[in-house]
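Undergrad: To start, I am sharing the structure in question, which I have written as structure tokens.
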Amino acid sequence: MGINKNRVRVGMIGHQFMGKVHSHAYRDLPFYFDPPAVPVQQAISGRNEAAVREAAEQFGWDSVETDWRRLVERDDIDLIDIVTPNHTHADMAIAAAEAGKHVISEKPLAVTAAQAKRMKDAVEENNVVHMVSHNYRYAPAVQYAAQLIREGRLGRIYHIRAQYLQDFIMDPAFPLVWRLKKEYTGSGALGDIGAHIIDLARFLVGEFHSVSGMLQTFIPERPLEDGSGTGEVTVDDAAGFLARFNNGAMGVFEATRFAAGSRNKNQFEINGEKGSIRWDLENMNNLEVYFEDDEPGMQGFRMIHCTEAEHPYMQAYWPAGHIIGYEHTFIHQMAELINGIHENKSPHANFNDGFENQVVLEAVQESAASGSWMTTEQIKAGL
């Protein structure tokens, strides 16, 4: 368990869903892998003292703070982990960088591209290691897909079509939580789950050139959380957009929280001149692959069960055929982060990736508002 290893002392800001996932990853990382340093769960911060103390006890944190700024100032913290609502990310990450702390933030990186640029500039100017939590990059099947593409097995890429489908806010009685307020979240389904398929597209296909988008809000008012009435939903319930990539590929993207029966369906298909690949988070250990040069009569999609030792990260786990799950994508992410801190190099996805992602999100929003195609360079020129 790394008794004689260096330590990376972690301070986490936030303690709910993502706080639990990240905490688990820090705890399990040294069990499965042999990192150059061991993460230590030094302190966790939250505004509600009783709630944060309960989280610290459950998740294994050594101490608590009720003021995130105090956490950032502590001398016994090396890494700040931000798992709070989107509108808070910028101030926290910039303060962490200025205090000389390495930083990882949940996605999307910020509320606006301008905020994301400030965050990127801060971590680069202060020479700290930085990551943004696009955990689906770290599914072994996705990593293997990237390997096949890098090796040229699909040849020139023509298409990506990607969907992220959920249904958790379809009930009109679902309350007006922070994720449904633009000032707190930036955008709705677009930024919350669309950001993930944008990141996967950048990882697997390349940089976006331009987009043409549409946004829709199906339930414009919802009950307030305190039961005192209703309030306006100020973000999208669903988003769709077309995309052109710098390398000539084209993309079709959809993100919605109104796809009845789809609990967490993150899926993509990529078509190239020599073949195709398909992946679906709800069946995350499998990758479907088709190669044009298979002999006639034998052509068709084959299913690769990405649990062999030859598949990325899988040598750390069980015999072939013994599957892993959602939480392991975060363990892989933290492995890359700890390696990056050891080497003083920011692994992907880092704040530059987060900034580029935010630019695409903003381009989709601007396109939807104007009814015109919008380039990523137009967004950057306005910053």
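Every chain in the structure tokens has a letter given in the order shown (A, B, ...), and although residue numbers restart at 1 in each chain, ligands are simply numbered from 1 in the order shown.
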Please identify all polymer residues within 12 Å of Gly152 of chain A, counting only C-alpha atoms, omitting same-chain residues fewer than 3 positions from it, and present them as a list in words.

TA: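 Counting only C-alpha atoms, the residues come to Ala145, Ala146, Gln147, Leu148, Ile149, Gly155, Arg156, Ile157, Leu204, Val205, Gly272, Glu273, Lys274, Gly275, Ser276 and Phe291 of chain A.
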
Undergrad: Grab the residues selected above and save them as a PDB file, in the first residue's frame with N, CA and C atoms.

TA:
```pdb
ATOM      1  N   ALA A 145     -10.388   2.011 -28.238  1.00  0.00           N
ATOM      2  CA  ALA A 145     -10.872   2.648 -29.465  1.00  0.00           C
ATOM      3  C   ALA A 145      -9.901   3.718 -29.930  1.00  0.00           C
ATOM      4  N   ALA A 146      -9.409   4.534 -28.988  1.00  0.00           N
ATOM      5  CA  ALA A 146      -8.442   5.575 -29.336  1.00  0.00           C
ATOM      6  C   ALA A 146      -7.162   4.965 -29.895  1.00  0.00           C
ATOM      7  N   GLN A 147      -6.745   3.841 -29.321  1.00  0.00           N
ATOM      8  CA  GLN A 147      -5.547   3.153 -29.806  1.00  0.00           C
ATOM      9  C   GLN A 147      -5.733   2.681 -31.242  1.00  0.00           C
ATOM     10  N   LEU A 148      -6.886   2.087 -31.543  1.00  0.00           N
ATOM     11  CA  LEU A 148      -7.154   1.628 -32.906  1.00  0.00           C
ATOM     12  C   LEU A 148      -7.146   2.787 -33.893  1.00  0.00           C
ATOM     13  N   ILE A 149      -7.722   3.914 -33.493  1.00  0.00           N
ATOM     14  CA  ILE A 149      -7.762   5.083 -34.378  1.00  0.00           C
ATOM     15  C   ILE A 149      -6.350   5.630 -34.595  1.00  0.00           C
ATOM     16  N   GLY A 155      -8.493   4.210 -40.647  1.00  0.00           N
ATOM     17  CA  GLY A 155      -8.144   5.124 -41.720  1.00  0.00           C
ATOM     18  C   GLY A 155      -8.657   6.528 -41.451  1.00  0.00           C
ATOM     19  N   ARG A 156      -8.925   7.240 -42.509  1.00  0.00           N
ATOM     20  CA  ARG A 156      -9.476   8.585 -42.386  1.00  0.00           C
ATOM     21  C   ARG A 156     -10.855   8.502 -41.741  1.00  0.00           C
ATOM     22  N   ILE A 157     -11.112   9.394 -40.762  1.00  0.00           N
ATOM     23  CA  ILE A 157     -12.402   9.406 -40.071  1.00  0.00           C
ATOM     24  C   ILE A 157     -13.389  10.275 -40.842  1.00  0.00           C
ATOM     25  N   LEU A 204     -11.218  11.337 -29.595  1.00  0.00           N
ATOM     26  CA  LEU A 204     -11.177  10.275 -30.594  1.00  0.00           C
ATOM     27  C   LEU A 204     -11.068  10.779 -32.030  1.00  0.00           C
ATOM     28  N   VAL A 205     -11.660  11.931 -32.329  1.00  0.00           N
ATOM     29  CA  VAL A 205     -11.741  12.403 -33.717  1.00  0.00           C
ATOM     30  C   VAL A 205     -10.856  13.616 -33.970  1.00  0.00           C
ATOM     31  N   GLY A 272     -14.921   5.277 -40.354  1.00  0.00           N
ATOM     32  CA  GLY A 272     -13.754   5.684 -41.120  1.00  0.00           C
ATOM     33  C   GLY A 272     -13.686   4.946 -42.441  1.00  0.00           C
ATOM     34  N   GLU A 273     -12.660   5.250 -43.228  1.00  0.00           N
ATOM     35  CA  GLU A 273     -12.546   4.646 -44.555  1.00  0.00           C
ATOM     36  C   GLU A 273     -12.237   3.151 -44.485  1.00  0.00           C
ATOM     37  N   LYS A 274     -11.723   2.669 -43.356  1.00  0.00           N
ATOM     38  CA  LYS A 274     -11.361   1.259 -43.233  1.00  0.00           C
ATOM     39  C   LYS A 274     -12.215   0.493 -42.233  1.00  0.00           C
ATOM     40  N   GLY A 275     -13.149   1.187 -41.563  1.00  0.00           N
ATOM     41  CA  GLY A 275     -13.963   0.480 -40.587  1.00  0.00           C
ATOM     42  C   GLY A 275     -14.700   1.413 -39.657  1.00  0.00           C
ATOM     43  N   SER A 276     -15.311   0.832 -38.633  1.00  0.00           N
ATOM     44  CA  SER A 276     -16.145   1.580 -37.702  1.00  0.00           C
ATOM     45  C   SER A 276     -15.977   1.022 -36.293  1.00  0.00           C
ATOM     46  N   PHE A 291     -14.191  -4.015 -39.605  1.00  0.00           N
ATOM     47  CA  PHE A 291     -13.079  -3.715 -40.510  1.00  0.00           C
ATOM     48  C   PHE A 291     -13.461  -4.067 -41.943  1.00  0.00           C
TER      49      PHE A 291
END
```

Undergrad: Do you have the atom CA of Ile13 of chain A-atom CA of Arg137 of chain A distance handy?

TA: 23.2 Å

Undergrad: For Glu232 of chain A, which residue out of A:Gly186, A:Pro108, A:Pro175, A:Gly100 is the nearest one, using only C-alpha atoms?

TA: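 Selected residue with least distance to Glu232 of chain A: A:Pro175.
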
Undergrad: Among segment 185-273 of chain A, which ones does DSSP place in strand (DSSP E or B), written as a PyMOL selection string?

TA: chain A and resi 208-216+221-223+230-232+238-245+250-256+265-272

Undergrad: Can you write out the residues you just picked, keeping N, CA, C and O atoms, as a compact mmCIF listing (two decimals), in the first residue's frame?

TA:
```txt
# COMPACT_ATOMS: atom_id res chain seq x y z
N PHE A 208 -13.00 20.54 -33.03
CA PHE A 208 -14.18 21.06 -33.70
C PHE A 208 -13.83 22.32 -34.47
O PHE A 208 -13.09 23.19 -33.99
N HIS A 209 -14.40 22.44 -35.66
CA HIS A 209 -14.28 23.66 -36.46
C HIS A 209 -15.50 24.55 -36.29
O HIS A 209 -15.38 25.75 -36.00
N SER A 210 -16.69 23.97 -36.44
CA SER A 210 -17.91 24.77 -36.38
C SER A 210 -19.09 23.89 -36.02
O SER A 210 -19.05 22.67 -36.19
N VAL A 211 -20.16 24.54 -35.54
CA VAL A 211 -21.35 23.80 -35.10
C VAL A 211 -22.61 24.55 -35.52
O VAL A 211 -22.61 25.76 -35.72
N SER A 212 -23.68 23.79 -35.63
CA SER A 212 -25.02 24.35 -35.85
C SER A 212 -25.95 23.67 -34.86
O SER A 212 -26.16 22.46 -34.94
N GLY A 213 -26.48 24.44 -33.91
CA GLY A 213 -27.17 23.83 -32.79
C GLY A 213 -28.61 24.27 -32.59
O GLY A 213 -29.06 25.29 -33.12
N MET A 214 -29.33 23.46 -31.82
CA MET A 214 -30.67 23.82 -31.36
C MET A 214 -30.81 23.35 -29.92
O MET A 214 -30.26 22.32 -29.51
N LEU A 215 -31.54 24.16 -29.13
CA LEU A 215 -31.79 23.87 -27.73
C LEU A 215 -33.29 23.92 -27.48
O LEU A 215 -34.01 24.70 -28.12
N GLN A 216 -33.76 23.10 -26.57
CA GLN A 216 -35.19 23.05 -26.28
C GLN A 216 -35.41 22.86 -24.79
O GLN A 216 -34.74 22.04 -24.15
N GLU A 221 -41.34 25.74 -16.23
CA GLU A 221 -41.42 26.10 -14.81
C GLU A 221 -41.46 24.84 -13.97
O GLU A 221 -42.06 23.83 -14.36
N ARG A 222 -40.83 24.91 -12.79
CA ARG A 222 -40.80 23.77 -11.88
C ARG A 222 -40.98 24.24 -10.44
O ARG A 222 -40.75 25.41 -10.11
N PRO A 223 -41.37 23.32 -9.55
CA PRO A 223 -41.54 23.68 -8.15
C PRO A 223 -40.21 24.10 -7.52
O PRO A 223 -39.16 23.49 -7.79
N THR A 230 -43.33 28.17 -7.73
CA THR A 230 -42.60 27.65 -8.88
C THR A 230 -41.60 28.69 -9.36
O THR A 230 -41.68 29.87 -9.02
N GLY A 231 -40.65 28.24 -10.16
CA GLY A 231 -39.66 29.14 -10.73
C GLY A 231 -39.35 28.75 -12.16
O GLY A 231 -39.67 27.64 -12.62
N GLU A 232 -38.71 29.65 -12.89
CA GLU A 232 -38.42 29.44 -14.30
C GLU A 232 -37.19 28.56 -14.50
O GLU A 232 -36.15 28.77 -13.86
N ALA A 238 -32.93 19.72 -23.58
CA ALA A 238 -32.36 18.87 -24.64
C ALA A 238 -31.58 19.75 -25.61
O ALA A 238 -31.91 20.94 -25.80
N ALA A 239 -30.56 19.16 -26.20
CA ALA A 239 -29.73 19.87 -27.17
C ALA A 239 -29.38 18.93 -28.31
O ALA A 239 -29.16 17.74 -28.10
N GLY A 240 -29.33 19.49 -29.51
CA GLY A 240 -28.86 18.75 -30.67
C GLY A 240 -28.00 19.66 -31.52
O GLY A 240 -28.29 20.85 -31.62
N PHE A 241 -26.95 19.12 -32.11
CA PHE A 241 -26.15 19.97 -32.99
C PHE A 241 -25.37 19.14 -34.00
O PHE A 241 -25.03 17.98 -33.77
N LEU A 242 -25.15 19.76 -35.16
CA LEU A 242 -24.25 19.24 -36.18
C LEU A 242 -22.87 19.85 -35.97
O LEU A 242 -22.75 20.94 -35.42
N ALA A 243 -21.85 19.15 -36.43
CA ALA A 243 -20.49 19.66 -36.26
C ALA A 243 -19.63 19.33 -37.46
O ALA A 243 -19.80 18.28 -38.10
N ARG A 244 -18.71 20.25 -37.76
CA ARG A 244 -17.63 20.00 -38.69
C ARG A 244 -16.33 20.02 -37.89
O ARG A 244 -16.15 20.85 -37.00
N PHE A 245 -15.42 19.09 -38.21
CA PHE A 245 -14.13 19.02 -37.53
C PHE A 245 -13.04 19.57 -38.43
O PHE A 245 -13.18 19.61 -39.66
N MET A 250 -17.37 14.86 -40.01
CA MET A 250 -18.61 15.52 -39.60
C MET A 250 -19.22 14.77 -38.43
O MET A 250 -18.96 13.57 -38.22
N GLY A 251 -20.00 15.50 -37.63
CA GLY A 251 -20.57 14.90 -36.44
C GLY A 251 -22.02 15.27 -36.23
O GLY A 251 -22.47 16.35 -36.65
N VAL A 252 -22.76 14.38 -35.57
CA VAL A 252 -24.14 14.61 -35.17
C VAL A 252 -24.23 14.28 -33.69
O VAL A 252 -23.86 13.16 -33.27
N PHE A 253 -24.70 15.22 -32.88
CA PHE A 253 -24.68 15.08 -31.42
C PHE A 253 -26.06 15.36 -30.83
O PHE A 253 -26.78 16.24 -31.31
N GLU A 254 -26.39 14.63 -29.79
CA GLU A 254 -27.66 14.82 -29.09
C GLU A 254 -27.44 14.60 -27.60
O GLU A 254 -26.81 13.63 -27.19
N ALA A 255 -27.97 15.51 -26.79
CA ALA A 255 -27.93 15.37 -25.34
C ALA A 255 -29.31 15.74 -24.80
O ALA A 255 -29.83 16.82 -25.11
N THR A 256 -29.90 14.84 -24.04
CA THR A 256 -31.24 15.11 -23.50
C THR A 256 -31.41 14.44 -22.16
O THR A 256 -30.82 13.39 -21.90
N LYS A 265 -27.41 6.65 -20.97
CA LYS A 265 -26.98 6.06 -22.24
C LYS A 265 -26.05 7.02 -22.98
O LYS A 265 -26.47 7.91 -23.72
N ASN A 266 -24.77 6.82 -22.74
CA ASN A 266 -23.72 7.59 -23.39
C ASN A 266 -23.14 6.69 -24.48
O ASN A 266 -22.49 5.68 -24.18
N GLN A 267 -23.36 7.04 -25.75
CA GLN A 267 -22.96 6.14 -26.82
C GLN A 267 -22.43 6.91 -28.02
O GLN A 267 -22.80 8.07 -28.25
N PHE A 268 -21.53 6.27 -28.78
CA PHE A 268 -21.05 6.88 -30.01
C PHE A 268 -20.76 5.80 -31.04
O PHE A 268 -20.55 4.63 -30.72
N GLU A 269 -20.79 6.21 -32.30
CA GLU A 269 -20.32 5.40 -33.42
C GLU A 269 -19.42 6.27 -34.27
O GLU A 269 -19.75 7.43 -34.58
N ILE A 270 -18.27 5.74 -34.63
CA ILE A 270 -17.30 6.44 -35.47
C ILE A 270 -17.07 5.61 -36.73
O ILE A 270 -16.81 4.41 -36.64
N ASN A 271 -17.19 6.26 -37.89
CA ASN A 271 -17.01 5.59 -39.18
C ASN A 271 -15.79 6.16 -39.90
O ASN A 271 -15.67 7.38 -40.03
N GLY A 272 -14.92 5.28 -40.35
CA GLY A 272 -13.75 5.68 -41.12
C GLY A 272 -13.69 4.95 -42.44
O GLY A 272 -14.52 4.09 -42.74
```

Undergrad: Per residue of segment 297-378 of chain A within 6 Å of segment 112-126 of chain A, which atom pair is closest and at what distance in Å (one decimal), using only C-alpha atoms, listed by chain and increasing number, as JSON lines?

TA:
```
{"residue": "A:Phe351", "atom": "CA", "partner": "A:Lys120", "partner_atom": "CA", "distance": 5.3}
{"residue": "A:Phe355", "atom": "CA", "partner": "A:Ala116", "partner_atom": "CA", "distance": 5.2}
{"residue": "A:Gln358", "atom": "CA", "partner": "A:Ala113", "partner_atom": "CA", "distance": 5.2}
{"residue": "A:Val359", "atom": "CA", "partner": "A:Ala113", "partner_atom": "CA", "distance": 5.4}
```

Undergrad: With C-alpha atoms kept, could you save the residues just selected as a compact mmCIF listing (two decimals), in the first residue's frame?

TA:
```txt
# COMPACT_ATOMS: atom_id res chain seq x y z
CA PHE A 351 -7.73 22.58 -18.32
CA PHE A 355 -11.40 25.27 -22.20
CA GLN A 358 -16.31 25.12 -23.13
CA VAL A 359 -15.70 26.90 -26.43
```

Undergrad: Find the residues around Ile77 of chain A up to 8 Å (only C-alpha atoms counted), leave out those fewer than 3 positions away in its own chain, and share them as a ChimeraX atom specification.

TA: /A:8-11,42,71-72,74,80,101

Undergrad: Just write the chosen residues, C-alpha atoms, as a PDB file, in the first residue's frame.

TA:
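The resulting file, selection-v8.pdb, is reproduced below:
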```pdb
ATOM      1  CA  VAL A   8      -0.105  13.623  -2.409  1.00  0.00           C
ATOM      2  CA  ARG A   9      -2.257  15.283   0.226  1.00  0.00           C
ATOM      3  CA  VAL A  10      -5.711  15.971  -1.183  1.00  0.00           C
ATOM      4  CA  GLY A  11      -8.203  18.633  -0.148  1.00  0.00           C
ATOM      5  CA  GLN A  42      -6.278  15.074   4.094  1.00  0.00           C
ATOM      6  CA  LEU A  71      -8.779  24.595   2.745  1.00  0.00           C
ATOM      7  CA  VAL A  72      -6.889  26.161  -0.152  1.00  0.00           C
ATOM      8  CA  ARG A  74      -3.595  25.030   4.307  1.00  0.00           C
ATOM      9  CA  ILE A  80      -7.368  20.642  -4.576  1.00  0.00           C
ATOM     10  CA  LYS A 101      -1.782  23.729  -5.401  1.00  0.00           C
TER      11      LYS A 101
END
```
